[in-house]
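Chemist: Can you read through this structure? Questions will come right after.
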Amino acid sequence: MIGGASVHPLPRSADNTAKPPAPHAGGLSRNPGMPLDLGWLEAMRHINRSALERRVDTLGKRRSIKKEHQAAWLLRALAVMDLTTLSSDDTPDRVLRLCAKARNPLRPDLMAGLGIEDEEITPAAVCVYHPFVSIAAEALAGTGIHVAAVSTAFPHGLAPLPTRIAEIRASVEDGADEIDVVIPRGLVLGAHWEELYDEIAQFRAACGQAHLKVILGTGDLATLRNVTLASMVAMMAGADFIKTSTGKESVNATLPVGLAMVRCIRAYHEHTGIHIGFKPAGGISTAKASLDWLVLMNEELGRRWLEPDLFRFGASSLLTDIERQLEHHLTGRYSAAHRHAMA
Ligand SMILES: O=C[C@H](O)COP(=O)(O)O
């Protein structure tokens, strides 16, 4: 379930320069979904790619994050992270090490240097394949760190529908409270919107109380129009989050695609009053990239969408660079990546 994990300071205003305020503590109700509205889809078809690209170009240029606030933003990036391992050679030991890292993501000397040794700093969730869900759930019990399972024949989504639905149920049964499903990209490429809607609605039902994140596999979708229409269908069908990529496509999360998706989230919110979360994932491995995404969220959707119940990074190696940058912030020096436990 999304919400409830520890939250950390973040800049207050949309100018990306203000000091961190008190943490926000609220949780959210689920997205109940709505009937498939083909007329609304029709109205969303016209995408101005160059306008989106121009907007992305302005991010971070017009208003850069002040140096003295960078550490707070990096801690925010950590707090909204789904710390992920999705490798073919994953083992129970690796997942246990990842969970230990999630419980204590920063070295004690960094925590002390930043003056946050008394705070609970954790990523929002650990994200794993189904066979490791029960191990992660046990290792993270009582921490408030969520357990996310990738599901529905990740990364391609090409197993029979009953198999994919059974996989969701099995992961929920094993203790996952967030389910990251993939869609069959062919349903988007063939404009089979009713079928896509029905599948996602069934995924939503199978999740029960677990929150549903819908991975679009944007690198496979060919056009920003497809990304937009798939985002809208996913939200109408009951997605609590929409997520860019699996990390396995040849094109990962990009800012123009992210911008198109957050504008869909804004449109859905304006139309229904419902807050949908956003999870860029795949290839986000540097602190600098994470700041670009945070600025995008802050400027496009506002501060509310910087909380872990509405924003996540899916990332397997980002934490290592965040630690390095925090160390640099404190000491003016970079240490070797191997000094950081996830390297
Ligand atoms: O959902 C998370 C992604 O699979 C992580 O991708 P990454 O390994 O490129 O960070």
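Residue numbering restarts at 1 in every chain; chains get A, B, ... in the order shown in the structure tokens, and ligands count up from 1 in that same order.
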Set out as a Markdown table a contact list for chain A and ligand 1 with a cut-off of 6 Å, giving each residue of chain A that qualifies its closest atom pair and distance in Å to one decimal, counting only C-alpha atoms and all ligand atoms, ordered by chain and rising residue number.

Modeler:
```
| residue | atom | partner | partner_atom_place_in_ligand_line | distance |
| --- | --- | --- | --- | --- |
| A:Thr84 | CA | ligand 1 | 2 (C) | 5.9 |
| A:Thr246 | CA | ligand 1 | 4 (O) | 4.5 |
| A:Gly247 | CA | ligand 1 | 6 (O) | 3.9 |
| A:Ala281 | CA | ligand 1 | 2 (C) | 4.9 |
| A:Gly282 | CA | ligand 1 | 6 (O) | 3.5 |
| A:Gly283 | CA | ligand 1 | 9 (O) | 3.6 |
| A:Ile284 | CA | ligand 1 | 10 (O) | 5.5 |
| A:Gly314 | CA | ligand 1 | 2 (C) | 3.9 |
| A:Ala315 | CA | ligand 1 | 10 (O) | 3.4 |
| A:Ser316 | CA | ligand 1 | 10 (O) | 3.9 |
| A:Ser317 | CA | ligand 1 | 10 (O) | 5.7 |
```

Chemist: Do you have, as JSON lines, the list of residues of stretch 277-303 of chain A lying at most 9 Å from stretch 218-241 of chain A, each with its nearest atom pair and that distance in Å to one decimal, counting only C-alpha atoms and ordered by chain then number?

Modeler:
```
{"residue": "A:Gly277", "atom": "CA", "partner": "A:Phe241", "partner_atom": "CA", "distance": 4.2}
{"residue": "A:Phe278", "atom": "CA", "partner": "A:Phe241", "partner_atom": "CA", "distance": 5.3}
{"residue": "A:Lys279", "atom": "CA", "partner": "A:Phe241", "partner_atom": "CA", "distance": 6.8}
```

Chemist: With only C-alpha atoms as the basis for distance, which of A:Glu120, A:Asp90, A:Asp109, A:Glu199 is at the shortest distance from A:Thr152?

Modeler: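 Smallest distance to A:Thr152 is found for A:Glu199.
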
Chemist: Can you measure atom CA of A:Gly113 to atom CA of A:Glu68 for me? One decimal in Å is fine.

Modeler: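 The value is 13.9 Å.
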
Chemist: Compare A:Ile322, A:Ile242, A:Leu296, A:Cys264 by their minimum atom-to-atom distance to A:Ala43, counting only C-alpha atoms, and give me the closest one.

Modeler: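 Using only C-alpha atoms, the shortest distance to A:Ala43 belongs to A:Cys264.
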